[in-house]
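Trainee: query04.tsv is the file, holding TSV, C-alpha atoms:
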chain	number	residue	atom	x	y	z
A	1	MET	CA	9.99	27.78	3.84
A	2	ALA	CA	9.47	24.01	3.95
A	3	PRO	CA	10.39	22.14	7.12
A	4	ARG	CA	13.98	21.05	7.14
A	5	LEU	CA	13.16	17.35	7.26
A	6	PHE	CA	10.56	17.42	4.47
A	7	SER	CA	10.89	17.79	0.73
A	8	CYS	CA	8.36	17.94	-2.10
A	9	PHE	CA	10.89	16.53	-4.53
A	10	LYS	CA	14.01	14.45	-4.21
A	11	SER	CA	16.56	13.13	-6.67
A	12	SER	CA	15.91	9.53	-7.62
A	13	LYS	CA	17.74	7.05	-5.45
A	14	LYS	CA	16.40	3.54	-5.38
A	15	GLY	CA	16.61	2.04	-1.90
A	16	ASP	CA	18.62	-1.11	-1.34
A	17	VAL	CA	16.50	-4.23	-1.18
A	18	PRO	CA	17.12	-6.04	2.12
A	19	SER	CA	17.74	-9.79	2.14
A	20	ILE	CA	14.60	-11.81	1.50
A	21	LYS	CA	13.40	-14.07	4.27
A	22	ASP	CA	12.50	-17.40	2.64
A	23	TYR	CA	9.21	-18.39	4.25
A	24	HIS	CA	8.85	-21.28	1.81
A	25	HIS	CA	12.13	-23.16	2.30
A	26	ASN	CA	11.90	-26.65	3.74
A	27	ASN	CA	15.22	-28.34	4.47
A	28	ASN	CA	13.59	-31.74	4.85
A	29	ALA	CA	11.57	-31.76	1.62
A	30	ALA	CA	13.32	-30.73	-1.58
A	31	ALA	CA	10.13	-31.12	-3.59
A	32	THR	CA	8.31	-28.68	-1.33
A	33	ALA	CA	11.13	-26.19	-1.68
A	34	ASP	CA	11.06	-26.52	-5.46
A	35	GLU	CA	7.30	-25.95	-5.55
A	36	ALA	CA	7.69	-22.89	-3.35
A	37	ALA	CA	10.46	-21.51	-5.55
A	38	GLU	CA	8.24	-21.92	-8.59
A	39	GLU	CA	5.42	-20.13	-6.75
A	40	GLN	CA	7.77	-17.26	-5.99
A	41	ARG	CA	8.94	-17.08	-9.61
A	42	ARG	CA	5.35	-16.90	-10.83
A	43	GLY	CA	4.62	-14.42	-8.09
A	44	GLY	CA	1.49	-12.84	-6.75
A	45	GLY	CA	0.64	-9.19	-6.46
A	46	VAL	CA	3.32	-6.58	-5.79
A	47	LEU	CA	2.27	-3.94	-3.28
A	48	VAL	CA	3.12	-0.38	-4.36
A	49	GLU	CA	2.57	2.36	-1.78
A	50	LEU	CA	2.53	6.00	-2.83
A	51	PHE	CA	3.06	8.73	-0.25
A	52	SER	CA	1.58	11.86	-1.73
A	53	SER	CA	-0.12	15.15	-0.96
A	54	GLN	CA	-2.40	17.55	-2.76
A	55	GLY	CA	-0.20	20.23	-1.20
A	56	CYS	CA	2.86	19.09	-3.19
A	57	ALA	CA	3.26	20.45	-6.72
A	58	ILE	CA	4.95	17.27	-7.97
A	59	SER	CA	2.51	14.76	-6.50
A	60	PRO	CA	-0.20	14.99	-9.22
A	61	GLU	CA	2.25	13.50	-11.73
A	62	ALA	CA	2.83	10.56	-9.42
A	63	GLU	CA	-0.91	10.16	-8.83
A	64	LEU	CA	-1.46	9.89	-12.58
A	65	LEU	CA	1.32	7.32	-12.84
A	66	MET	CA	-0.25	5.27	-10.04
A	67	SER	CA	-3.67	5.42	-11.73
A	68	ARG	CA	-2.16	4.05	-14.93
A	69	LEU	CA	-0.22	1.43	-13.01
A	70	GLY	CA	-3.25	0.28	-11.07
A	71	ARG	CA	-5.43	-0.14	-14.14
A	72	GLY	CA	-2.76	-2.16	-15.95
A	73	ASP	CA	-1.57	0.27	-18.61
A	74	PHE	CA	2.00	-1.03	-18.50
A	75	ASN	CA	1.28	-4.73	-19.14
A	76	LEU	CA	3.65	-5.87	-16.40
A	77	ASP	CA	4.47	-9.52	-15.77
A	78	VAL	CA	2.98	-9.36	-12.27
A	79	PRO	CA	-0.23	-7.84	-10.91
A	80	VAL	CA	0.27	-4.60	-9.02
A	81	ILE	CA	-1.76	-3.44	-6.02
A	82	VAL	CA	-1.56	0.31	-5.52
A	83	LEU	CA	-2.27	2.15	-2.27
A	84	ALA	CA	-2.04	5.94	-2.10
A	85	PHE	CA	-1.41	7.38	1.36
A	86	HIS	CA	-1.90	11.15	1.57
A	87	VAL	CA	0.35	12.66	4.23
A	88	ASP	CA	-0.49	15.80	6.18
A	89	TYR	CA	2.83	17.64	6.52
A	90	TRP	CA	2.16	19.92	3.53
A	91	ASP	CA	-1.19	21.15	4.88
A	92	TYR	CA	0.41	24.37	6.14
A	93	MET	CA	1.24	25.46	2.58
A	94	GLY	CA	-2.22	26.93	1.97
A	95	TRP	CA	-4.24	23.84	1.06
A	96	LYS	CA	-5.33	21.15	3.51
A	97	ASP	CA	-5.44	17.81	1.72
A	98	PRO	CA	-8.95	16.40	2.36
A	99	PHE	CA	-7.51	12.88	2.35
A	100	GLY	CA	-4.39	13.66	4.36
A	101	SER	CA	-3.78	12.01	7.72
A	102	SER	CA	-1.08	12.05	10.37
A	103	GLN	CA	-1.50	8.26	10.46
A	104	TRP	CA	-0.13	8.04	6.92
A	105	THR	CA	2.71	10.42	7.81
A	106	VAL	CA	3.69	8.06	10.62
A	107	ARG	CA	3.57	5.12	8.20
A	108	GLN	CA	5.86	6.92	5.78
A	109	LYS	CA	8.25	7.80	8.59
A	110	SER	CA	8.55	4.12	9.51
A	111	TYR	CA	9.65	3.37	5.93
A	112	ILE	CA	12.06	6.31	5.91
A	113	GLU	CA	13.76	4.85	8.97
A	114	ALA	CA	13.65	1.23	7.80
A	115	LEU	CA	15.08	2.06	4.35
A	116	ASN	CA	17.70	4.50	5.71
A	117	VAL	CA	16.42	7.45	3.68
A	118	ASP	CA	17.64	10.78	5.02
A	119	THR	CA	14.56	12.89	4.23
A	120	MET	CA	10.80	12.51	4.16
A	121	PHE	CA	9.55	13.61	0.75
A	122	THR	CA	6.64	13.48	-1.63
A	123	PRO	CA	5.90	11.83	-3.91
A	124	GLN	CA	7.58	8.68	-2.64
A	125	VAL	CA	6.88	5.12	-3.76
A	126	VAL	CA	7.66	2.12	-1.57
A	127	VAL	CA	7.52	-1.32	-3.20
A	128	GLN	CA	6.91	-4.47	-1.14
A	129	GLY	CA	8.11	-2.49	1.90
A	130	ARG	CA	11.70	-3.13	0.73
A	131	ALA	CA	12.73	-0.48	-1.82
A	132	GLN	CA	11.79	3.10	-2.58
A	133	CYS	CA	12.05	5.67	-5.35
A	134	VAL	CA	10.64	9.04	-6.42
A	135	GLY	CA	7.00	8.51	-7.27
A	136	ASN	CA	6.78	10.54	-10.48
A	137	GLU	CA	9.77	8.90	-12.18
A	138	GLU	CA	8.17	6.24	-14.38
A	139	GLU	CA	11.32	4.33	-15.26
A	140	ALA	CA	12.45	4.12	-11.64
A	141	VAL	CA	9.01	2.97	-10.46
A	142	LEU	CA	8.74	0.24	-13.09
A	143	SER	CA	12.31	-0.91	-12.46
A	144	THR	CA	11.72	-1.11	-8.71
A	145	ILE	CA	8.58	-3.20	-9.28
A	146	ALA	CA	10.43	-5.53	-11.66
A	147	ASP	CA	13.22	-6.06	-9.12
A	148	ALA	CA	10.90	-6.66	-6.17
A	149	PRO	CA	10.63	-10.14	-4.60
A	150	LYS	CA	7.39	-11.93	-5.44
A	151	PHE	CA	5.19	-13.97	-3.10
A	152	PRO	CA	2.01	-15.96	-3.64
A	153	SER	CA	-1.18	-13.97	-3.28
A	154	PRO	CA	-3.36	-14.86	-0.30
A	155	THR	CA	-6.68	-16.56	-0.98
A	156	PHE	CA	-9.02	-14.63	1.28
A	157	GLN	CA	-12.75	-14.65	0.69
A	158	ALA	CA	-14.53	-11.53	1.91
A	159	THR	CA	-18.03	-10.89	3.22
A	160	PHE	CA	-19.20	-7.29	3.45
A	161	GLN	CA	-22.06	-5.96	5.58
A	162	LYS	CA	-23.26	-2.58	6.81
A	163	PRO	CA	-24.50	-3.07	10.37
A	164	SER	CA	-25.23	0.67	10.39
A	165	PRO	CA	-25.18	3.44	7.75
A	166	GLU	CA	-21.86	4.62	9.16
A	167	THR	CA	-20.10	1.25	9.44
A	168	LEU	CA	-18.68	-1.28	7.01
A	169	GLN	CA	-18.03	-4.74	8.41
A	170	VAL	CA	-15.45	-6.85	6.58
A	171	SER	CA	-15.10	-10.56	7.39
A	172	LEU	CA	-12.20	-12.45	5.85
A	173	THR	CA	-11.38	-16.16	5.68
A	174	GLY	CA	-8.52	-17.70	3.75
A	175	ALA	CA	-4.86	-18.69	3.66
A	176	LEU	CA	-1.70	-16.66	3.20
A	177	ARG	CA	-0.15	-19.32	0.92
A	178	SER	CA	3.19	-18.47	2.55
A	179	LYS	CA	4.63	-20.20	5.59
A	180	VAL	CA	5.14	-17.83	8.53
A	181	ASP	CA	7.92	-18.40	11.06
A	182	GLN	CA	8.09	-17.45	14.75
A	183	GLN	CA	8.77	-13.79	13.95
A	184	GLY	CA	5.22	-13.52	12.69
A	185	VAL	CA	3.37	-11.07	10.47
A	186	ASN	CA	0.48	-8.66	10.78
A	187	ILE	CA	-2.42	-9.18	8.39
A	188	MET	CA	-3.40	-5.66	7.36
A	189	VAL	CA	-6.52	-4.48	5.55
A	190	ALA	CA	-6.71	-1.17	3.70
A	191	LEU	CA	-9.99	0.32	2.49
A	192	CYS	CA	-9.35	2.55	-0.50
A	193	GLU	CA	-11.37	4.71	-2.90
A	194	ASN	CA	-11.04	5.50	-6.61
A	195	GLY	CA	-12.29	8.28	-8.84
A	196	LEU	CA	-11.79	11.18	-6.45
A	197	VAL	CA	-11.76	14.65	-8.04
A	198	THR	CA	-10.86	17.80	-6.10
A	199	ASP	CA	-10.84	21.46	-7.18
A	200	CYS	CA	-7.78	22.99	-5.54
A	201	PRO	CA	-8.22	26.77	-5.04
A	202	ARG	CA	-5.09	27.36	-2.95
A	203	GLY	CA	-1.59	26.10	-2.28
A	204	GLU	CA	1.05	24.68	-4.63
A	205	ASN	CA	-1.61	23.26	-6.97
A	206	LYS	CA	-3.83	26.35	-7.04
A	207	GLY	CA	-6.27	26.34	-9.93
A	208	ARG	CA	-5.81	22.67	-10.76
A	209	VAL	CA	-8.37	19.88	-10.73
A	210	LEU	CA	-6.73	16.95	-8.96
A	211	SER	CA	-7.65	13.33	-9.70
A	212	ASN	CA	-6.82	10.62	-7.17
A	213	ASP	CA	-7.24	6.84	-7.28
A	214	PHE	CA	-6.49	4.08	-4.78
A	215	VAL	CA	-6.65	6.59	-1.93
A	216	VAL	CA	-6.45	4.83	1.42
A	217	ARG	CA	-9.32	5.95	3.63
A	218	ARG	CA	-8.92	3.38	6.39
A	219	LEU	CA	-6.20	0.93	7.49
A	220	ASP	CA	-6.43	-1.62	10.29
A	221	LYS	CA	-4.89	-4.87	11.49
A	222	LEU	CA	-7.01	-7.98	11.02
A	223	CYS	CA	-4.78	-10.18	13.18
A	224	TYR	CA	-1.23	-11.24	14.00
A	225	VAL	CA	-0.06	-14.75	13.11
A	226	LYS	CA	3.13	-16.75	13.61
A	227	ASP	CA	4.35	-20.33	13.21
A	228	ILE	CA	1.69	-21.29	10.68
A	229	SER	CA	1.76	-23.29	7.47
A	230	ALA	CA	1.03	-21.79	4.06
A	231	LYS	CA	-2.35	-23.54	3.98
A	232	LYS	CA	-3.49	-22.58	7.47
A	233	THR	CA	-6.93	-20.95	7.44
A	234	ILE	CA	-7.04	-17.47	8.93
A	235	SER	CA	-10.26	-15.68	9.82
A	236	GLY	CA	-11.13	-12.30	11.23
A	237	THR	CA	-13.54	-9.38	11.15
A	238	LEU	CA	-12.99	-5.63	11.03
A	239	ASN	CA	-15.37	-2.70	11.32
A	240	PHE	CA	-14.51	0.46	9.38
A	241	THR	CA	-16.12	3.82	10.08
A	242	LEU	CA	-17.37	5.21	6.78
A	243	TRP	CA	-17.08	8.74	5.45
A	244	LYS	CA	-19.68	11.06	3.97
A	245	GLY	CA	-20.34	10.18	0.35
A	246	PHE	CA	-19.14	6.57	0.66
A	247	ASN	CA	-19.83	4.77	-2.62
A	248	PRO	CA	-19.07	1.02	-2.70
A	249	THR	CA	-18.73	0.99	-6.49
A	250	LYS	CA	-15.64	3.19	-6.13
A	251	CYS	CA	-14.05	1.24	-3.29
A	252	GLY	CA	-12.05	-1.90	-2.63
A	253	ILE	CA	-9.85	-3.47	-0.01
A	254	ALA	CA	-6.24	-4.62	-0.10
A	255	VAL	CA	-5.14	-7.41	2.24
A	256	PHE	CA	-1.43	-7.84	2.88
A	257	ALA	CA	0.99	-9.51	5.27
A	258	GLN	CA	3.69	-7.29	6.78
A	259	ASP	CA	6.38	-8.11	9.32
A	260	SER	CA	8.05	-5.96	11.97
A	261	SER	CA	10.72	-4.91	9.44
A	262	HIS	CA	7.90	-3.53	7.26
A	263	HIS	CA	8.50	-6.13	4.54
A	264	ILE	CA	5.46	-7.29	2.59
A	265	PHE	CA	4.90	-11.05	2.15
A	266	GLY	CA	1.91	-11.35	-0.14
A	267	SER	CA	-1.01	-9.09	-1.02
A	268	GLN	CA	-4.47	-9.38	-2.50
A	269	SER	CA	-7.12	-6.92	-3.70
A	270	ILE	CA	-10.88	-7.40	-3.44
A	271	ASN	CA	-13.58	-5.12	-4.87
A	272	LEU	CA	-16.57	-4.17	-2.77
A	273	PRO	CA	-19.98	-5.34	-4.01
A	274	SER	CA	-22.08	-2.59	-5.57
A	275	ASN	CA	-25.22	-3.52	-3.61
A	276	LEU	CA	-23.97	-2.60	-0.14
For this file, write the structure as structure tokens.
Mentor:
Amino acid sequence: MAPRLFSCFKSSKKGDVPSIKDYHHNNNAAATADEAAEEQRRGGGVLVELFSSQGCAISPEAELLMSRLGRGDFNLDVPVIVLAFHVDYWDYMGWKDPFGSSQWTVRQKSYIEALNVDTMFTPQVVVQGRAQCVGNEEEAVLSTIADAPKFPSPTFQATFQKPSPETLQVSLTGALRSKVDQQGVNIMVALCENGLVTDCPRGENKGRVLSNDFVVRRLDKLCYVKDISAKKTISGTLNFTLWKGFNPTKCGIAVFAQDSSHHIFGSQSINLPSNL
């Protein structure tokens, strides 16, 4: 029997979108406010987070939807950045997800609490940290993305090095293109991998070959910033421990700004160079 607080499927119920903090408003300069409003209308990337598990029978449908979404099959008006977090609370069902992590379970739990959802479930999609829906319901996912607030994409430039065979060093320099107030935001960097294929001999997906894209392998904070202008240059370096079979041609990073309420204020994706 599944744990009382977990579910592998849940009826669709789009989360309420909290009020948007306007990081671009300038009471003393109407022109600046108008430019910022136009930026927000044009919009940058929308961050879509999938919470999934190879131990959930419904999750493969959501994984396929995310793969299509990430490669642009739906011709949306805004770019979409997909991150797939594999949780670990279904590992007891007979199949241990090789990409599952308690760290991602904790991240999902923070969204469950922030969005006032009564149950942790898979597959769940969270958009811009502000609204959620069932991850295998195409119409609900696309509608949630369309309704999400848009923010300018950051303009980070990345330098990648391997100081050792087991370590990837990522150095970033750029601007958020969004003004940050005294509440501040964390600049987060996710290292993800595409083209993963797993034969599943046990569990809810026994006998299936599971395909996964945009799987988050590492997530870390680059820095915390507050009281900065949209053009302020931000720099930082992270070191990620690599996994066996790391292939840079299948990997990329996502950089995003997230506040203490878990709201996303701009995101950007960068591919890794193939010659690492």
Trainee: Output, as JSON, the centre and edge lengths in Å (one decimal) of the axis-aligned box that contains all listed atoms of range 117-131 of chain A with 3 Å of margin on each side.
Mentor:
{"center_x": 11.8, "center_y": 4.6, "center_z": 0.6, "size_x": 17.7, "size_y": 24.1, "size_z": 14.9}
Trainee: Closest to Leu242 in chain A among A:Asn275, A:Thr167, A:Gln54, A:Ser143, using all atoms listed in the file?
Mentor: A:Thr167
Trainee: Quick one, how far is CA of Asp73 in chain A from CA of Gly252 in chain A?
Mentor: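 Distance between the two atoms: 19.2 Å.
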Trainee: With distances taken over all atoms listed in the file, which residue among A:Val117, A:Val216, A:Ile228, A:Val46 lies nearest Ser267 in chain A?
Mentor: A:Val46
Trainee: Which is closest to Thr144 in chain A among A:Leu115, A:Val48, A:Val255, A:Met120, if we use all atoms listed in the file?
Mentor: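 Of all the options, A:Val48 lies closest to Thr144 in chain A.
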Trainee: Counting all atoms listed in the file, which of A:Ala114, A:Met66, A:Leu238, A:Ile81 gets nearest to Leu172 in chain A?
Mentor: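 Result for the nearest residue to Leu172 in chain A: A:Leu238.
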Trainee: Given all atoms listed in the file as the basis, pick out the residue of A:Leu191, A:Pro163, A:Ser101, A:Asp91 nearest to Lys221 in chain A.
Mentor: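 The answer is A:Leu191, which sits nearest to Lys221 in chain A.
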Trainee: Mind running range 100-166 of chain A against range 269-273 of chain A at 9 Å and telling me each contacting residue's nearest atom pair with the distance in Å (one decimal), counting all atoms listed in the file, chain and number ascending, as CSV?
Mentor:
residue,atom,partner,partner_atom,distance
A:Phe156,CA,A:Ile270,CA,8.8
A:Gln157,CA,A:Ile270,CA,8.6
A:Ala158,CA,A:Ile270,CA,7.7
A:Phe160,CA,A:Leu272,CA,7.4
Trainee: Point out the residue among A:Tyr111, A:Phe265, A:Phe74, A:Phe240 with the least atom-to-atom distance to Ile253 in chain A, counting only C-alpha atoms.
Mentor: A:Phe240
Trainee: Report, in Å with one decimal, the straight-line distance from CA of Ser229 in chain A to CA of Val180 in chain A.
Mentor: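 Atom-to-atom, CA of Ser229 in chain A to CA of Val180 in chain A, that is 6.5 Å.
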Trainee: Take CA of Gly203 in chain A and CA of Val126 in chain A and report the distance between them in Å, one decimal.
Mentor: 25.7 Å
Trainee: Around the point (-5.4, 0.8, -0.3) (coordinates from the file), which residues reach within 10 Å if we count all atoms listed in the file? Answer as a list in words.
Mentor: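 It turns out the residues near that spot are Leu47, Val48, Glu49, Leu50, Ile81, Val82, Leu83, Ala84, Phe85, Val189, Ala190, Leu191, Cys192, Glu193, Asn194, Asp213, Phe214, Val215, Val216, Arg217, Arg218, Leu219, Cys251, Gly252, Ile253, Ala254, Val255 and Ser269 of chain A.
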Trainee: Take the residues from that selection and put them in a file with C-alpha atoms, as a PDB file, in the coordinates of the input.
Mentor:
ATOM      1  CA  LEU A  47       2.270  -3.940  -3.280  1.00  0.00           C
ATOM      2  CA  VAL A  48       3.120  -0.380  -4.360  1.00  0.00           C
ATOM      3  CA  GLU A  49       2.570   2.360  -1.780  1.00  0.00           C
ATOM      4  CA  LEU A  50       2.530   6.000  -2.830  1.00  0.00           C
ATOM      5  CA  ILE A  81      -1.760  -3.440  -6.020  1.00  0.00           C
ATOM      6  CA  VAL A  82      -1.560   0.310  -5.520  1.00  0.00           C
ATOM      7  CA  LEU A  83      -2.270   2.150  -2.270  1.00  0.00           C
ATOM      8  CA  ALA A  84      -2.040   5.940  -2.100  1.00  0.00           C
ATOM      9  CA  PHE A  85      -1.410   7.380   1.360  1.00  0.00           C
ATOM     10  CA  VAL A 189      -6.520  -4.480   5.550  1.00  0.00           C
ATOM     11  CA  ALA A 190      -6.710  -1.170   3.700  1.00  0.00           C
ATOM     12  CA  LEU A 191      -9.990   0.320   2.490  1.00  0.00           C
ATOM     13  CA  CYS A 192      -9.350   2.550  -0.500  1.00  0.00           C
ATOM     14  CA  GLU A 193     -11.370   4.710  -2.900  1.00  0.00           C
ATOM     15  CA  ASN A 194     -11.040   5.500  -6.610  1.00  0.00           C
ATOM     16  CA  ASP A 213      -7.240   6.840  -7.280  1.00  0.00           C
ATOM     17  CA  PHE A 214      -6.490   4.080  -4.780  1.00  0.00           C
ATOM     18  CA  VAL A 215      -6.650   6.590  -1.930  1.00  0.00           C
ATOM     19  CA  VAL A 216      -6.450   4.830   1.420  1.00  0.00           C
ATOM     20  CA  ARG A 217      -9.320   5.950   3.630  1.00  0.00           C
ATOM     21  CA  ARG A 218      -8.920   3.380   6.390  1.00  0.00           C
ATOM     22  CA  LEU A 219      -6.200   0.930   7.490  1.00  0.00           C
ATOM     23  CA  CYS A 251     -14.050   1.240  -3.290  1.00  0.00           C
ATOM     24  CA  GLY A 252     -12.050  -1.900  -2.630  1.00  0.00           C
ATOM     25  CA  ILE A 253      -9.850  -3.470  -0.010  1.00  0.00           C
ATOM     26  CA  ALA A 254      -6.240  -4.620  -0.100  1.00  0.00           C
ATOM     27  CA  VAL A 255      -5.140  -7.410   2.240  1.00  0.00           C
ATOM     28  CA  SER A 269      -7.120  -6.920  -3.700  1.00  0.00           C
TER      29      SER A 269
END
Trainee: What's around Met93 in chain A at 8 Å? Count only C-alpha atoms, leave out sequence neighbours fewer than 2 positions away in its own chain, and write the answer as JSON, numbers by chain.
Mentor: {"A": [55, 90, 91, 95, 96, 203, 204]}
Trainee: Compile the contact shell of Pro123 in chain A as a VMD selection string: residues with an atom at most 12 Å away, counting all atoms listed in the file, same-chain residues fewer than 2 positions apart removed.
Mentor: chain A and resid 6 to 12 49 to 66 84 to 87 90 108 119 to 121 125 to 126 132 to 137 141
Trainee: Excluding Leu210 in chain A and residues on its chain fewer than 2 positions from it, collect all residues at most 9 Å away from it, counting all atoms listed in the file, and give them as a ChimeraX atom specification.
Mentor: /A:54,60,63,196-200,205,208,212
Trainee: From (9.5, -6.2, 13.4), in the file's coordinates, out to 10 Å: which residues are reached, counting all atoms listed in the file? Answer as a VMD selection string.
Mentor: chain A and resid 183 to 186 258 to 263
